[in-house]
file final08.txt (compact mmCIF, C-alpha atoms (C1' of nucleotides))
# COMPACT_ATOMS: atom_id res chain seq x y z
CA MET A 1 76.09 63.09 106.31
CA GLY A 2 78.90 64.83 108.09
CA ARG A 3 79.12 65.96 111.61
CA TRP A 4 77.98 69.43 110.65
CA GLU A 5 76.01 70.91 107.81
CA PRO A 6 78.45 71.72 105.02
CA ASP A 7 79.41 75.20 103.79
CA ALA A 8 79.20 77.06 107.06
CA ARG A 9 81.11 79.89 105.43
CA GLY A 10 78.60 80.33 102.63
CA ARG A 11 75.70 80.18 105.06
CA LEU A 12 77.30 82.82 107.24
CA ALA A 13 77.82 85.13 104.27
CA ARG A 14 74.24 84.74 103.07
CA VAL A 15 72.74 85.16 106.51
CA ALA A 16 74.89 88.22 107.18
CA LEU A 17 73.60 90.02 104.10
CA GLU A 18 70.06 89.04 105.08
CA LEU A 19 70.37 90.40 108.59
CA TYR A 20 72.29 93.53 107.60
CA THR A 21 69.48 94.24 105.17
CA GLU A 22 66.70 93.51 107.66
CA ARG A 23 68.04 95.32 110.72
CA GLY A 24 71.07 97.24 109.57
CA PHE A 25 74.75 96.49 110.16
CA GLU A 26 75.10 98.05 113.61
CA GLN A 27 71.92 96.46 114.89
CA THR A 28 73.17 93.00 113.94
CA THR A 29 75.56 91.20 116.28
CA ALA A 30 77.99 88.53 115.21
CA GLU A 31 76.07 86.17 117.46
CA ASP A 32 72.83 86.91 115.58
CA ILE A 33 74.46 85.85 112.34
CA ALA A 34 76.08 82.76 113.81
CA GLU A 35 72.86 81.66 115.45
CA ARG A 36 70.79 81.92 112.30
CA ALA A 37 73.52 80.09 110.38
CA GLY A 38 73.55 77.33 113.00
CA VAL A 39 77.08 77.81 114.31
CA THR A 40 78.68 79.65 117.21
CA GLU A 41 80.02 83.17 117.24
CA ARG A 42 83.55 81.77 117.49
CA THR A 43 83.07 79.96 114.20
CA PHE A 44 81.97 83.17 112.54
CA PHE A 45 85.27 84.80 113.48
CA ARG A 46 87.20 81.77 112.28
CA HIS A 47 85.83 82.29 108.80
CA PHE A 48 85.84 86.08 108.68
CA ALA A 49 88.30 88.42 110.29
CA ASP A 50 85.55 90.79 111.36
CA LYS A 51 81.89 91.68 110.93
CA ARG A 52 82.63 93.68 107.78
CA GLU A 53 84.71 91.19 105.94
CA VAL A 54 81.78 88.81 105.54
CA LEU A 55 80.43 91.06 102.76
CA PHE A 56 83.68 91.06 100.79
CA ASP A 57 84.35 87.42 100.24
CA GLY A 58 84.38 87.75 96.45
CA SER A 59 86.85 90.59 96.19
CA ALA A 60 89.96 88.43 96.00
CA ALA A 61 88.57 86.61 92.96
CA LEU A 62 87.72 89.91 91.31
CA GLN A 63 91.24 91.15 91.88
CA THR A 64 92.74 87.99 90.42
CA HIS A 65 90.72 88.40 87.26
CA LEU A 66 91.71 92.02 87.01
CA VAL A 67 95.40 91.31 87.33
CA ASP A 68 95.23 88.43 84.86
CA ALA A 69 93.42 90.60 82.36
CA ILE A 70 96.12 93.24 82.60
CA ALA A 71 98.91 90.70 82.30
CA SER A 72 97.38 89.04 79.26
CA ALA A 73 96.36 92.15 77.35
CA PRO A 74 97.85 92.53 73.86
CA ALA A 75 101.39 93.87 73.93
CA GLY A 76 101.66 97.44 72.79
CA LEU A 77 98.15 98.39 73.86
CA PRO A 78 98.26 101.80 75.61
CA PRO A 79 98.00 101.48 79.42
CA ILE A 80 94.70 103.31 79.60
CA GLU A 81 93.16 100.88 77.11
CA VAL A 82 94.54 97.94 79.05
CA VAL A 83 92.99 99.30 82.22
CA GLY A 84 89.66 99.95 80.53
CA ARG A 85 89.38 96.42 79.20
CA ALA A 86 90.51 94.89 82.49
CA PHE A 87 88.03 96.76 84.66
CA ALA A 88 85.24 96.19 82.17
CA GLY A 89 86.10 92.50 82.30
CA ALA A 90 85.97 92.54 86.09
CA GLY A 91 82.57 94.17 85.77
CA ALA A 92 81.42 91.40 83.47
CA LEU A 93 81.91 88.95 86.35
CA LEU A 94 79.22 90.77 88.29
CA GLU A 95 76.84 90.97 85.39
CA GLU A 96 74.99 87.78 86.34
CA ARG A 97 74.52 88.71 89.97
CA ARG A 98 72.88 92.06 89.69
CA ASP A 99 70.25 91.38 92.31
CA PHE A 100 72.80 90.29 94.86
CA ALA A 101 75.05 93.21 93.94
CA ARG A 102 72.24 95.64 94.45
CA ARG A 103 71.27 94.35 97.88
CA ARG A 104 74.87 94.35 98.94
CA ALA A 105 75.44 97.86 97.60
CA ALA A 106 72.40 99.13 99.48
CA VAL A 107 73.74 97.86 102.79
CA ILE A 108 77.17 99.33 102.13
CA ALA A 109 75.73 102.67 101.07
CA ALA A 110 73.85 102.84 104.39
CA THR A 111 76.89 102.06 106.57
CA PRO A 112 80.06 104.17 106.78
CA ALA A 113 82.00 101.34 108.37
CA LEU A 114 81.28 99.19 105.33
CA GLN A 115 82.12 102.01 102.94
CA GLU A 116 85.53 102.17 104.56
CA ARG A 117 86.11 98.49 103.94
CA GLU A 118 84.93 98.78 100.36
CA LEU A 119 87.27 101.67 99.73
CA LEU A 120 90.15 99.65 101.14
CA LYS A 121 89.31 96.75 98.82
CA LEU A 122 89.20 99.11 95.85
CA ALA A 123 92.50 100.68 96.86
CA THR A 124 94.03 97.22 97.15
CA MET A 125 92.72 96.36 93.71
CA ALA A 126 94.19 99.59 92.35
CA ALA A 127 97.55 98.77 93.89
CA ALA A 128 97.47 95.29 92.35
CA ALA A 129 96.49 96.72 88.98
CA ALA A 130 99.32 99.24 89.18
CA GLU A 131 101.77 96.46 89.94
CA ALA A 132 100.49 94.47 86.96
CA LEU A 133 100.97 97.51 84.75
CA ARG A 134 104.53 97.96 85.98
CA ALA A 135 105.15 94.35 85.07
CA ARG A 136 104.17 95.33 81.54
CA GLY A 137 106.75 98.08 81.59
CA VAL A 138 104.52 101.02 82.43
CA ALA A 139 106.55 103.55 84.37
CA ASP A 140 105.69 105.33 87.60
CA PRO A 141 103.71 107.40 88.34
CA ALA A 142 101.73 106.54 85.21
CA ALA A 143 101.03 103.00 86.41
CA GLY A 144 99.47 104.12 89.68
CA LEU A 145 97.51 106.91 88.03
CA ALA A 146 96.13 104.67 85.31
CA ALA A 147 95.05 102.14 87.93
CA GLN A 148 93.25 104.81 89.95
CA VAL A 149 91.56 106.05 86.81
CA GLY A 150 90.36 102.51 86.21
CA VAL A 151 88.87 102.32 89.69
CA ALA A 152 87.11 105.64 89.16
CA ALA A 153 85.56 104.36 85.94
CA PHE A 154 84.65 101.07 87.59
CA THR A 155 82.87 102.61 90.58
CA THR A 156 81.13 105.23 88.47
CA GLY A 157 79.88 102.59 86.06
CA PHE A 158 78.89 100.30 88.88
CA GLU A 159 76.78 102.99 90.52
CA LEU A 160 74.91 103.69 87.30
CA TRP A 161 74.36 99.99 86.72
CA VAL A 162 73.09 99.34 90.22
CA ALA A 163 70.81 102.36 89.95
CA ASP A 164 69.32 100.89 86.80
CA ALA A 165 70.56 103.82 84.74
CA SER A 166 72.61 101.81 82.24
CA PRO A 167 70.82 100.05 79.41
CA ASP A 168 73.84 98.21 78.03
CA GLY A 169 75.13 96.17 80.93
CA LEU A 170 77.90 96.81 83.43
CA ALA A 171 80.96 96.22 81.24
CA ALA A 172 79.78 98.67 78.62
CA THR A 173 78.83 101.20 81.30
CA ILE A 174 82.32 101.04 82.79
CA GLU A 175 83.85 101.62 79.36
CA GLY A 176 81.44 104.51 78.94
CA ALA A 177 82.51 106.03 82.25
CA LEU A 178 86.14 105.75 81.22
CA ALA A 179 85.33 107.52 77.96
CA ASP A 180 83.63 110.29 79.95
CA LEU A 181 86.67 110.56 82.18
CA ARG A 182 89.00 110.83 79.21
CA ALA A 183 86.78 113.55 77.78
CA VAL A 184 86.92 115.46 81.05
CA THR A 185 90.70 115.31 81.27
CA ALA A 186 91.40 115.83 77.56
CA PRO A 187 93.56 118.90 76.93
CA MET B 1 93.96 129.14 135.87
CA GLY B 2 91.03 126.99 135.05
CA ARG B 3 89.86 123.84 136.64
CA TRP B 4 91.66 121.75 134.04
CA GLU B 5 94.60 122.27 131.73
CA PRO B 6 93.28 123.86 128.55
CA ASP B 7 93.20 122.23 125.10
CA ALA B 8 92.55 118.66 126.12
CA ARG B 9 91.63 117.90 122.52
CA GLY B 10 94.92 119.13 121.13
CA ARG B 11 96.85 117.25 123.81
CA LEU B 12 94.98 114.06 123.00
CA ALA B 13 95.71 114.41 119.29
CA ARG B 14 99.40 115.04 119.88
CA VAL B 15 99.77 112.22 122.39
CA ALA B 16 97.90 109.82 120.11
CA LEU B 17 100.31 110.40 117.24
CA GLU B 18 103.20 110.00 119.67
CA LEU B 19 101.97 106.69 121.02
CA TYR B 20 100.87 105.32 117.66
CA THR B 21 104.38 106.07 116.44
CA GLU B 22 106.10 104.58 119.48
CA ARG B 23 104.10 101.37 119.91
CA GLY B 24 101.84 101.13 116.91
CA PHE B 25 98.11 101.78 116.66
CA GLU B 26 96.86 98.37 117.84
CA GLN B 27 99.25 98.26 120.76
CA THR B 28 97.97 101.60 122.02
CA THR B 29 94.77 101.66 124.08
CA ALA B 30 92.48 104.63 124.37
CA GLU B 31 93.29 104.63 128.06
CA ASP B 32 97.02 104.92 127.31
CA ILE B 33 96.38 108.06 125.32
CA ALA B 34 94.03 109.55 127.86
CA GLU B 35 96.40 108.86 130.71
CA ARG B 36 99.40 110.50 129.06
CA ALA B 37 97.21 113.47 128.14
CA GLY B 38 96.04 113.77 131.74
CA VAL B 39 92.35 113.02 131.20
CA THR B 40 90.12 109.96 131.44
CA GLU B 41 89.28 107.53 128.67
CA ARG B 42 85.72 108.84 128.65
CA THR B 43 87.00 112.31 127.81
CA PHE B 44 88.96 110.90 124.89
CA PHE B 45 85.75 109.53 123.41
CA ARG B 46 83.94 112.78 124.00
CA HIS B 47 86.41 114.55 121.74
CA PHE B 48 86.90 111.83 119.13
CA ALA B 49 84.35 109.36 117.87
CA ASP B 50 86.88 106.55 117.89
CA LYS B 51 90.56 105.70 118.15
CA ARG B 52 91.12 106.42 114.46
CA GLU B 53 89.44 109.75 114.22
CA VAL B 54 92.02 111.38 116.43
CA LEU B 55 94.44 111.41 113.51
CA PHE B 56 92.01 113.15 111.14
CA ASP B 57 91.12 116.27 113.00
CA GLY B 58 92.29 118.56 110.21
CA SER B 59 90.39 116.97 107.37
CA ALA B 60 87.26 119.07 107.73
CA ALA B 61 89.28 122.25 107.32
CA LEU B 62 91.00 120.84 104.27
CA GLN B 63 87.65 119.99 102.73
CA THR B 64 86.31 123.46 103.41
CA HIS B 65 89.26 125.04 101.64
CA LEU B 66 88.83 122.67 98.73
CA VAL B 67 85.16 123.45 98.29
CA ASP B 68 85.74 127.18 98.61
CA ALA B 69 88.49 127.05 96.02
CA ILE B 70 86.19 125.29 93.57
CA ALA B 71 83.35 127.69 94.21
CA SER B 72 85.53 130.75 93.75
CA ALA B 73 87.46 129.63 90.69
CA PRO B 74 87.17 131.89 87.64
CA ALA B 75 83.99 131.30 85.68
CA GLY B 76 84.53 129.47 82.43
CA LEU B 77 87.63 127.63 83.60
CA PRO B 78 87.40 123.98 82.48
CA PRO B 79 86.42 121.64 85.34
CA ILE B 80 89.69 119.75 85.26
CA GLU B 81 91.63 123.00 85.69
CA VAL B 82 89.36 124.04 88.52
CA VAL B 83 90.00 120.73 90.22
CA GLY B 84 93.74 120.96 89.69
CA ARG B 85 93.99 124.39 91.25
CA ALA B 86 91.71 123.45 94.13
CA PHE B 87 93.62 120.32 95.12
CA ALA B 88 96.95 122.06 94.69
CA GLY B 89 95.61 124.77 96.97
CA ALA B 90 94.58 122.19 99.55
CA GLY B 91 98.08 120.79 99.31
CA ALA B 92 99.55 124.21 99.96
CA LEU B 93 97.89 124.13 103.39
CA LEU B 94 100.05 121.17 104.33
CA GLU B 95 103.22 122.68 102.97
CA GLU B 96 104.29 124.13 106.33
CA ARG B 97 103.72 120.96 108.29
CA ARG B 98 105.77 118.48 106.38
CA ASP B 99 107.33 116.88 109.41
CA PHE B 100 104.00 116.29 111.08
CA ALA B 101 102.51 115.05 107.80
CA ARG B 102 105.32 112.58 107.40
CA ARG B 103 105.00 111.12 110.88
CA ARG B 104 101.28 110.84 110.47
CA ALA B 105 101.59 109.25 107.03
CA ALA B 106 104.01 106.65 108.40
CA VAL B 107 101.56 105.56 111.07
CA ILE B 108 98.71 105.36 108.59
CA ALA B 109 100.80 103.42 106.08
CA ALA B 110 101.54 100.84 108.78
CA THR B 111 97.92 100.36 109.83
CA PRO B 112 95.12 99.07 107.57
CA ALA B 113 92.44 100.32 109.93
CA LEU B 114 93.83 103.84 109.53
CA GLN B 115 94.14 103.49 105.78
CA GLU B 116 90.43 102.72 105.69
CA ARG B 117 89.62 105.89 107.55
CA GLU B 118 91.90 107.94 105.32
CA LEU B 119 90.25 106.53 102.22
CA LEU B 120 86.85 107.43 103.63
CA LYS B 121 88.00 111.00 104.26
CA LEU B 122 89.32 111.24 100.73
CA ALA B 123 86.09 109.83 99.31
CA THR B 124 84.15 112.36 101.36
CA MET B 125 86.35 115.13 100.02
CA ALA B 126 85.76 113.87 96.50
CA ALA B 127 82.01 113.86 97.04
CA ALA B 128 82.15 117.42 98.35
CA ALA B 129 84.29 118.51 95.42
CA ALA B 130 81.87 116.89 92.99
CA GLU B 131 78.98 118.73 94.59
CA ALA B 132 80.87 122.02 94.33
CA LEU B 133 81.49 121.33 90.65
CA ARG B 134 77.79 120.62 90.09
CA ALA B 135 77.04 123.95 91.71
CA ARG B 136 79.19 125.49 88.96
CA GLY B 137 77.07 123.75 86.36
CA VAL B 138 79.29 120.77 85.64
CA ALA B 139 77.08 117.84 84.62
CA ASP B 140 77.12 114.27 85.89
CA PRO B 141 79.01 112.02 85.62
CA ALA B 142 81.74 114.50 84.68
CA ALA B 143 81.58 116.20 88.09
CA GLY B 144 82.17 112.99 90.02
CA LEU B 145 84.88 111.81 87.65
CA ALA B 146 86.75 115.12 87.73
CA ALA B 147 86.63 115.05 91.54
CA GLN B 148 88.05 111.53 91.66
CA VAL B 149 90.77 112.52 89.26
CA GLY B 150 91.62 115.36 91.60
CA VAL B 151 91.94 112.99 94.53
CA ALA B 152 94.18 110.69 92.51
CA ALA B 153 96.48 113.60 91.66
CA PHE B 154 96.43 114.77 95.27
CA THR B 155 97.35 111.43 96.79
CA THR B 156 99.98 110.71 94.16
CA GLY B 157 101.57 114.09 94.68
CA PHE B 158 101.36 113.75 98.45
CA GLU B 159 103.17 110.43 98.40
CA LEU B 160 106.00 111.83 96.36
CA TRP B 161 106.26 114.86 98.61
CA VAL B 162 106.28 112.83 101.79
CA ALA B 163 108.90 110.53 100.30
CA ASP B 164 111.09 113.54 99.62
CA ALA B 165 110.91 112.93 95.87
CA SER B 166 109.52 116.31 94.90
CA PRO B 167 111.88 119.27 94.75
CA ASP B 168 109.23 121.93 94.10
CA GLY B 169 106.85 121.63 97.01
CA LEU B 170 103.55 119.84 97.41
CA ALA B 171 101.27 122.12 95.38
CA ALA B 172 103.50 121.93 92.33
CA THR B 173 103.87 118.18 92.73
CA ILE B 174 100.11 117.73 92.77
CA GLU B 175 99.80 119.79 89.60
CA GLY B 176 102.54 117.66 88.10
CA ALA B 177 100.70 114.47 89.00
CA LEU B 178 97.58 115.82 87.36
CA ALA B 179 99.55 116.61 84.22
CA ASP B 180 100.89 113.04 84.23
CA LEU B 181 97.37 111.71 84.61
CA ARG B 182 96.14 113.80 81.71
CA ALA B 183 99.00 112.51 79.61
CA VAL B 184 98.10 108.92 80.48
CA THR B 185 94.44 109.36 79.57
CA ALA B 186 95.00 111.54 76.52
CA PRO B 187 93.57 110.01 73.35
C1' DG C 1 91.60 49.68 114.31
C1' DT C 2 94.56 53.33 115.48
C1' DC C 3 96.08 57.78 114.62
C1' DG C 4 96.19 62.17 112.86
C1' DT C 5 93.59 66.21 110.95
C1' DG C 6 90.41 69.75 110.44
C1' DA C 7 86.39 72.04 111.68
C1' DT C 8 83.83 73.17 115.49
C1' DG C 9 82.29 74.22 120.47
C1' DA C 10 83.06 76.15 125.12
C1' DC C 11 84.73 79.67 127.89
C1' DA C 12 87.38 83.28 129.79
C1' DG C 13 89.46 87.70 128.97
C1' DT C 14 90.70 92.39 126.85
C1' DT C 15 89.38 96.47 124.54
C1' DG C 16 86.48 99.79 122.06
C1' DC C 17 82.81 102.41 122.87
C1' DT C 18 78.16 104.22 125.09
C1' DG C 19 74.68 105.84 128.45
C1' DA C 20 73.56 107.90 132.80
C1' DC C 21 74.56 110.61 136.49
C1' DA C 22 77.59 113.52 139.52
C1' DT C 23 80.88 117.40 140.05
C1' DC C 24 82.42 121.96 139.89
C1' DA C 25 84.78 126.47 137.81
C1' DG C 26 83.17 130.27 135.46
C1' DT C 27 79.31 133.12 133.67
C1' DT C 28 74.92 135.33 133.81
C1' DC C 29 71.20 137.33 135.67
C1' DG C 30 67.98 138.83 139.24
C1' DC D 1 75.90 139.53 146.21
C1' DG D 2 74.05 135.02 145.55
C1' DA D 3 71.37 131.64 142.74
C1' DA D 4 70.74 129.43 138.59
C1' DC D 5 72.98 127.95 134.46
C1' DT D 6 76.55 126.02 131.37
C1' DG D 7 80.23 123.30 129.72
C1' DA D 8 83.85 120.29 130.31
C1' DT D 9 85.13 116.62 132.96
C1' DG D 10 85.03 112.35 136.18
C1' DT D 11 82.86 107.89 137.66
C1' DC D 12 80.76 103.70 136.85
C1' DA D 13 78.18 100.11 134.75
C1' DG D 14 77.50 97.54 130.64
C1' DC D 15 77.38 95.66 125.75
C1' DA D 16 79.57 93.89 121.79
C1' DA D 17 83.69 92.96 118.97
C1' DC D 18 87.14 90.26 118.83
C1' DT D 19 91.14 86.67 120.64
C1' DG D 20 93.58 82.79 122.95
C1' DT D 21 93.24 78.23 124.62
C1' DC D 22 91.72 73.82 125.23
C1' DA D 23 88.36 70.07 124.41
C1' DT D 24 85.63 67.30 121.12
C1' DC D 25 84.76 64.23 117.46
C1' DA D 26 83.64 62.68 112.50
C1' DC D 27 86.45 61.37 108.79
C1' DG D 28 90.26 59.57 106.13
C1' DA D 29 95.09 57.57 105.81
C1' DC D 30 97.74 53.88 107.05
call {"tool": "encode", "arguments": {"input": "final08.txt", "output": "structure tokens"}}
result
Amino acid sequence: MGRWEPDARGRLARVALELYTERGFEQTTAEDIAERAGVTERTFFRHFADKREVLFDGSAALQTHLVDAIASAPAGLPPIEVVGRAFAGAGALLEERRDFARRRAAVIAATPALQERELLKLATMAAAAAEALRARGVADPAAGLAAQVGVAAFTTGFELWVADASPDGLAATIEGALADLRAVTAP
Amino acid sequence: MGRWEPDARGRLARVALELYTERGFEQTTAEDIAERAGVTERTFFRHFADKREVLFDGSAALQTHLVDAIASAPAGLPPIEVVGRAFAGAGALLEERRDFARRRAAVIAATPALQERELLKLATMAAAAAEALRARGVADPAAGLAAQVGVAAFTTGFELWVADASPDGLAATIEGALADLRAVTAP
DNA sequence: GTCGTGATGACAGTTGCTGACATCAGTTCG
DNA sequence: CGAACTGATGTCAGCAACTGTCATCACGAC
């Protein structure tokens, strides 16, 4: 056995969600989390840039999948279809972790500071998606607009799914939200 | 003459933008701002909830205009047209203050913490716009999606306008961005 | 076995922000 | 006319979010 228990980072992330759920984000100090995870506060801040970031550890992986999906979509597919498939595919990654996603979403919904961070992550994902579309030859401003449309469909579908209002799973719900959006904007 | 110079709030907001521009947001302390504005740090935090909020003093007014524009749009106008006119109208409010808007945008673009706050303000505006659409009888999820589409057009148009890439003014550029978006999503 | 190396602990320091109480010009009201 | 009231500010103490720096020590390479 090593000098310390392994996976301090994972423990910190799990404990943070626990405590944010139990007491709320503002009522939880970084020291509380570190203590319950069996490390010091300093170690918490070595693993996570701040108290918010601990809830967003998976977002880089999600973005990678999204960008890969856009890059590897069939040539000639219209940008909006590419975006729809890519965001639905990103949603599929969350499909297995609905319970976790719901707890996490509840904490974020209750905390403006965490909403800010989530919006920044989504905006970063949109920027990455736009860049991936440009790499496929999609012009500006269409690339940026298509990416933002994808995020709108993603978040709308996610909310329905978390609220238990989508019978067919997250990926299908995201595609459904995109279809609704296209209906709303149709000339 | 009163006991103190009048308009401490306005002075703080102006000085904050100055200092954020000169030294950057993180390199500016609340005390720096207060001192140059001739008040104490405590007074800064009485007027603004935090160091970021001082750059977003106008957003409530913008949101009010947006909601009013949606509420007073001609009956029977399709939601997407309502949204387009409302966000273009909100843009028209900024038309006169391009220089200020540009300085402010530069600081925000350089500072992730400020981008977060801006995204939260935009999301709040979108939520308010969605609610105003529902009050007109627009169903869910169309109301929320139309509002998000409006924000996408607004931000895209704003970026072009700030970058000097829009010959016809902000309102027209926002309408143009919305037209581009509709073209991208068109079946 | 010696020597990195990487993750952690210990500790001091700055800054953002909050609560509690005092001050005092201008206003209102008896 | 003066007393009570109000609103904006100042003063001060304090917590919590981070950050920089140095020490520690299991583990693996050599």
call {"tool": "interface_residues", "arguments": {"input": "final08.txt", "of": "chain B", "to": "chain A", "cutoff": "10 Å", "atoms": "only C-alpha atoms", "output": "PyMOL selection string"}}
result
chain B and resi 78-81+112-123+140-149+151-153+155-157+160+177-187
call {"tool": "write_last_selection", "arguments": {"input": "final08.txt", "atoms": "C-alpha atoms", "output": "PDB file, keeping the file's coordinate frame"}}
result
ATOM      1  CA  PRO B  78      87.400 123.980  82.480  1.00  0.00           C
ATOM      2  CA  PRO B  79      86.420 121.640  85.340  1.00  0.00           C
ATOM      3  CA  ILE B  80      89.690 119.750  85.260  1.00  0.00           C
ATOM      4  CA  GLU B  81      91.630 123.000  85.690  1.00  0.00           C
ATOM      5  CA  PRO B 112      95.120  99.070 107.570  1.00  0.00           C
ATOM      6  CA  ALA B 113      92.440 100.320 109.930  1.00  0.00           C
ATOM      7  CA  LEU B 114      93.830 103.840 109.530  1.00  0.00           C
ATOM      8  CA  GLN B 115      94.140 103.490 105.780  1.00  0.00           C
ATOM      9  CA  GLU B 116      90.430 102.720 105.690  1.00  0.00           C
ATOM     10  CA  ARG B 117      89.620 105.890 107.550  1.00  0.00           C
ATOM     11  CA  GLU B 118      91.900 107.940 105.320  1.00  0.00           C
ATOM     12  CA  LEU B 119      90.250 106.530 102.220  1.00  0.00           C
ATOM     13  CA  LEU B 120      86.850 107.430 103.630  1.00  0.00           C
ATOM     14  CA  LYS B 121      88.000 111.000 104.260  1.00  0.00           C
ATOM     15  CA  LEU B 122      89.320 111.240 100.730  1.00  0.00           C
ATOM     16  CA  ALA B 123      86.090 109.830  99.310  1.00  0.00           C
ATOM     17  CA  ASP B 140      77.120 114.270  85.890  1.00  0.00           C
ATOM     18  CA  PRO B 141      79.010 112.020  85.620  1.00  0.00           C
ATOM     19  CA  ALA B 142      81.740 114.500  84.680  1.00  0.00           C
ATOM     20  CA  ALA B 143      81.580 116.200  88.090  1.00  0.00           C
ATOM     21  CA  GLY B 144      82.170 112.990  90.020  1.00  0.00           C
ATOM     22  CA  LEU B 145      84.880 111.810  87.650  1.00  0.00           C
ATOM     23  CA  ALA B 146      86.750 115.120  87.730  1.00  0.00           C
ATOM     24  CA  ALA B 147      86.630 115.050  91.540  1.00  0.00           C
ATOM     25  CA  GLN B 148      88.050 111.530  91.660  1.00  0.00           C
ATOM     26  CA  VAL B 149      90.770 112.520  89.260  1.00  0.00           C
ATOM     27  CA  VAL B 151      91.940 112.990  94.530  1.00  0.00           C
ATOM     28  CA  ALA B 152      94.180 110.690  92.510  1.00  0.00           C
ATOM     29  CA  ALA B 153      96.480 113.600  91.660  1.00  0.00           C
ATOM     30  CA  THR B 155      97.350 111.430  96.790  1.00  0.00           C
ATOM     31  CA  THR B 156      99.980 110.710  94.160  1.00  0.00           C
ATOM     32  CA  GLY B 157     101.570 114.090  94.680  1.00  0.00           C
ATOM     33  CA  LEU B 160     106.000 111.830  96.360  1.00  0.00           C
ATOM     34  CA  ALA B 177     100.700 114.470  89.000  1.00  0.00           C
ATOM     35  CA  LEU B 178      97.580 115.820  87.360  1.00  0.00           C
ATOM     36  CA  ALA B 179      99.550 116.610  84.220  1.00  0.00           C
ATOM     37  CA  ASP B 180     100.890 113.040  84.230  1.00  0.00           C
ATOM     38  CA  LEU B 181      97.370 111.710  84.610  1.00  0.00           C
ATOM     39  CA  ARG B 182      96.140 113.800  81.710  1.00  0.00           C
ATOM     40  CA  ALA B 183      99.000 112.510  79.610  1.00  0.00           C
ATOM     41  CA  VAL B 184      98.100 108.920  80.480  1.00  0.00           C
ATOM     42  CA  THR B 185      94.440 109.360  79.570  1.00  0.00           C
ATOM     43  CA  ALA B 186      95.000 111.540  76.520  1.00  0.00           C
ATOM     44  CA  PRO B 187      93.570 110.010  73.350  1.00  0.00           C
TER      45      PRO B 187
END
call {"tool": "atom_distance", "arguments": {"input": "final08.txt", "atom1": "CA of Ala171 in chain A", "atom2": "CA of Gly91 in chain A"}}
result
5.2 Å
call {"tool": "interface_residues", "arguments": {"input": "final08.txt", "of": "chain A", "to": "chain C", "cutoff": "9 Å", "atoms": "all atoms listed in the file", "output": "PyMOL selection string"}}
result
chain A and resi 4+39-40+42-43
call {"tool": "residues_around", "arguments": {"input": "final08.txt", "residues": "Val107 in chain A", "least_positions_apart": "5", "cutoff": "9 Å", "atoms": "only C-alpha atoms (C1' of nucleotides)", "output": "ChimeraX atom specification"}}
result
/A:17,20-21,24-25,102,114
call {"tool": "axis_aligned_box", "arguments": {"input": "final08.txt", "around": "range 15-24 of chain D", "padding_each_side": "6 Å", "output": "JSON"}}
result
{"center_x": 85.5, "center_y": 81.5, "center_z": 122.3, "size_x": 28.2, "size_y": 40.4, "size_z": 18.9}
call {"tool": "interface_residues", "arguments": {"input": "final08.txt", "of": "chain B", "to": "chain D", "cutoff": "12 Å", "atoms": "all atoms listed in the file", "output": "list in words"}}
result
Gly2, Arg3, Trp4, Glu5, Pro6, Asp7, Ala8, Arg9, Gly38, Val39, Thr40, Glu41, Arg42, Thr43, Phe44, Phe45, Arg46 and His47 of chain B
call {"tool": "atom_distance", "arguments": {"input": "final08.txt", "atom1": "CA of Arg52 in chain B", "atom2": "CA of Arg97 in chain B"}}
result
20.2 Å
call {"tool": "residues_near_point", "arguments": {"input": "final08.txt", "point": "(89.4, 90.4, 90.2)", "cutoff": "12 Å", "atoms": "only C-alpha atoms (C1' of nucleotides)", "output": "VMD selection string"}}
result
chain A and resid 57 to 70 86 to 94 121 to 122 124 to 126 128 to 129 151 154
call {"tool": "atom_distance", "arguments": {"input": "final08.txt", "atom1": "CA of Gly176 in chain A", "atom2": "CA of Ala75 in chain A"}}
result
23.2 Å
call {"tool": "closest_residue", "arguments": {"input": "final08.txt", "among": "A:Ala165, A:Ala130, A:Ile33, A:Ala13", "to": "Glu53 in chain A", "atoms": "all atoms listed in the file"}}
result
A:Ala13
call {"tool": "closest_residue", "arguments": {"input": "final08.txt", "among": "A:Lys51, A:Gly76, A:Ala101, A:Ala132", "to": "Gln27 in chain A", "atoms": "only C-alpha atoms"}}
result
A:Lys51
